[in-house]
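Undergrad: Dropping the structure in here first, questions after.
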Amino acid sequence: MTDGARTGVNLEFARKYVGARVLEQALGYLARDPDRNLMRLLDLAERFAPLEEHRRQIRELKVSFNRYPAYREYARRLFTEVNVRVRQKMAVNWFVNSALLGIPKQRRLSEELGVNVPFFLLVDPTSACNLRCKGCWAGEYDKHDVMEPELLDRIIREAKELGIHWIVLSGGEPLCYPHLFDIVSKHDDVAFMFYTNGTLIDEAAADRIAELGNISPAISLEGGRERTDARRGRGTFDKVMHAMDLLKERGALFGFSVTITRENAEEVVSDEFLDLLIEKGCLYGWTFHYIPVGSDARPDLMVTPEQRAYLARRVPEIRRIKPLQFADFWNDGELTGGCIAGGRRYFHITARGDVEPCAFAHFAVDNIRDKSLKEVLQSPIFKAYQKRQPFSENLLRPCPIIDVPEALQEIVAESGARPTHPGAEAILSGELAAAISRRAETWARLSEPIWQERQRARQQVSAGS
């Protein structure tokens, strides 16, 4: 190693070490009196944040903490329900490695390489699963695909070289992957989240999750006991509740994941359902609108435009009144600048190694077994995505699958992408595609007044500030 290279490594280590130490001290300071000390730390963070967009986000967070008691209650939950090791590990990996160091490095390398380096990766270590849920988005993938631990390790190492320190794992069921905790332990400078059905979280698994500190389960539900068991199998809901109890007892950081359908749209955003999960210890909740892909694709299960309009108003309200991080990825396009897929903010690698633009867009040009991470960032399907993003000026219509379906048709044709499983192409033409297009046209009309209302409100806030 040359002196220059050694100096660069030492500088990077010093920045990371100092940043981690300062953050750990700040967390200890906060834990002593979160209500009183939080605003002081946010003031300091705003002063020293390296990017203007981060300073703006901190200012908005300060306003929310002052205006909404739920934000202060959420901070209290973080410092009373999450054990110290988990809190410090996740904070260092999220705010130092992923944000403070990772984002500037991603942007620098994006310019140097001439490609977009995303913020995180979604990787399936295995397609195996112990359940057979009706309508699973991954239900058509082969159930015997498994990544060699050496391949998963390589993907994560190459991600870190690009400044990516957030890895999301899905499947299949990640807890069916025998090397899961070994990989997480090896890469202890990465924040991991994994989508799980929760039924395999026993005392030993809960112990390991809390011990590692840098991995967070997002446990899938369909609503209450009746709806969850109907889709996932009898007794699943009770197993999930037990898993949450085990995780909460150990101070793990965990949340829940819900697929919103026509049948459960009101239930999963109800006070009763959310209050139960908050009581169980969930600190975040991710919701995904049902997309008719995978096994037994059913367009009739899609959220209706009227239900989606309700969600567009209900979800921001949830964030104001519940001590919970909560996101609706299709209706939150305004917060993310539109679709985040196609390598813009993330992409998906299947257990077979196929590199898909999105977990729900089952098409690929490249396979990670044949190329490095840097090379797959050059994928023509990513370029076709990114030159069209955002897909609509109305960011309540962010998705090229269900909101602007002609965009996905163009992207696949332009990039020459192939389906990653039999039947994936049905979403592009025929009866299924026609049903999605009709739904998209109705949502375009219904969402426009909501979008204009949000824009007026934003302008008023800007004028007032």
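Identifiers in this document derive from the order of the structure tokens: chains are assigned A, B, ..., residues are numbered from 1 separately in each chain, and ligands are numbered from 1 in order of occurrence.
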Might you pull out every residue within 12 Å of stretch 443-447 of chain A, with only C-alpha atoms counted and same-chain residues fewer than 3 positions away left off, and present them as a ChimeraX atom specification?
TA: /A:302-313,330-331,392-399,402-405,436-440,450-454
Undergrad: Counting only C-alpha atoms, give me one row per residue of stretch 153-197 of chain A with an atom at most 6 Å from an atom of stretch 111-130 of chain A, showing the shortest contact pair and its distance in Å to one decimal, sorted by chain then residue number, as JSON lines.
TA:
{"residue": "A:Ile164", "atom": "CA", "partner": "A:Phe119", "partner_atom": "CA", "distance": 5.9}
{"residue": "A:Trp166", "atom": "CA", "partner": "A:Phe120", "partner_atom": "CA", "distance": 5.1}
{"residue": "A:Ile167", "atom": "CA", "partner": "A:Leu121", "partner_atom": "CA", "distance": 5.2}
{"residue": "A:Val168", "atom": "CA", "partner": "A:Leu122", "partner_atom": "CA", "distance": 4.7}
{"residue": "A:Leu169", "atom": "CA", "partner": "A:Val123", "partner_atom": "CA", "distance": 5.0}
{"residue": "A:Ser170", "atom": "CA", "partner": "A:Asp124", "partner_atom": "CA", "distance": 4.8}
{"residue": "A:Gly171", "atom": "CA", "partner": "A:Asp124", "partner_atom": "CA", "distance": 4.5}
{"residue": "A:Gly172", "atom": "CA", "partner": "A:Ser127", "partner_atom": "CA", "distance": 3.9}
{"residue": "A:Glu173", "atom": "CA", "partner": "A:Cys129", "partner_atom": "CA", "distance": 4.7}
Undergrad: How would you write, as a list in words, the set of residues in stretch 275-337 of chain A that DSSP gives as alpha helix (DSSP H)?
TA: Asp275, Leu276, Leu277, Ile278, Glu279, Lys280, Pro305, Glu306, Gln307, Arg308, Ala309, Tyr310, Leu311, Ala312, Arg313, Arg314, Val315, Pro316, Glu317, Ile318, Arg319, Arg320, Ile321, Gly333, Glu334, Leu335 and Thr336 of chain A
Undergrad: Show me, as a VMD selection string, the residues that have an atom within 10 Å of A:Arg319 when counting only C-alpha atoms, minus same-chain residues fewer than 4 positions from it.
TA: chain A and resid 64 68 70 to 71 314 to 315 323 to 327
Undergrad: Would you save the residues from that selection as a CSV table (one decimal), in the first residue's frame, using C-alpha atoms?
TA:
chain,number,residue,atom,x,y,z
A,64,SER,CA,-42.5,18.2,14.3
A,68,TYR,CA,-46.7,16.8,17.8
A,70,ALA,CA,-46.2,11.6,19.3
A,71,TYR,CA,-42.7,12.5,18.1
A,314,ARG,CA,-54.8,8.7,6.8
A,315,VAL,CA,-51.1,7.9,6.7
A,323,PRO,CA,-45.3,7.1,18.2
A,324,LEU,CA,-44.3,5.0,15.2
A,325,GLN,CA,-42.3,5.4,12.0
A,326,PHE,CA,-44.9,4.6,9.3
A,327,ALA,CA,-44.6,4.6,5.6
Undergrad: List every residue of stretch 142-348 of chain A that DSSP, applied to the backbone, labels as strand (DSSP E or B), and write the result as a PyMOL selection string.
TA: chain A and resi 146+166-169+191-196+215-221+255-260+284-289+325-328+348
Undergrad: Any idea what's packed within 7 Å of stretch 368-377 of chain A, counting only C-alpha atoms, ignoring anything in its chain fewer than 3 positions away? Could you give it as an MDAnalysis selection string?
TA: chainID A and resid 115 155 158 353:355
Undergrad: Could you state the separation of atom CA of A:Val365 and atom CA of A:Ser415 in Å, given to one decimal place?
TA: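 Atom-to-atom, atom CA of A:Val365 and atom CA of A:Ser415 are spaced 7.6 Å apart.
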Undergrad: List as a VMD selection string the protein and nucleic acid residues near A:Ser270, meaning an atom at most 10 Å away when only C-alpha atoms are counted, but skip any in the same chain fewer than 5 places from it.
TA: chain A and resid 223 265 275 314 318
Undergrad: Compare A:Lys383, A:Arg352, A:Arg157, A:Arg40 by their minimum atom-to-atom distance to A:His144, counting only C-alpha atoms, and give me the closest one.
TA: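 Using only C-alpha atoms, the shortest distance to A:His144 belongs to A:Arg352.
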Undergrad: Write out as number ranges by chain each polymer residue whose atoms come within 10 Å of A:Leu432, counting only C-alpha atoms; drop sequence neighbours fewer than 6 positions from it.
TA: A: 292-293, 297-299, 425-426
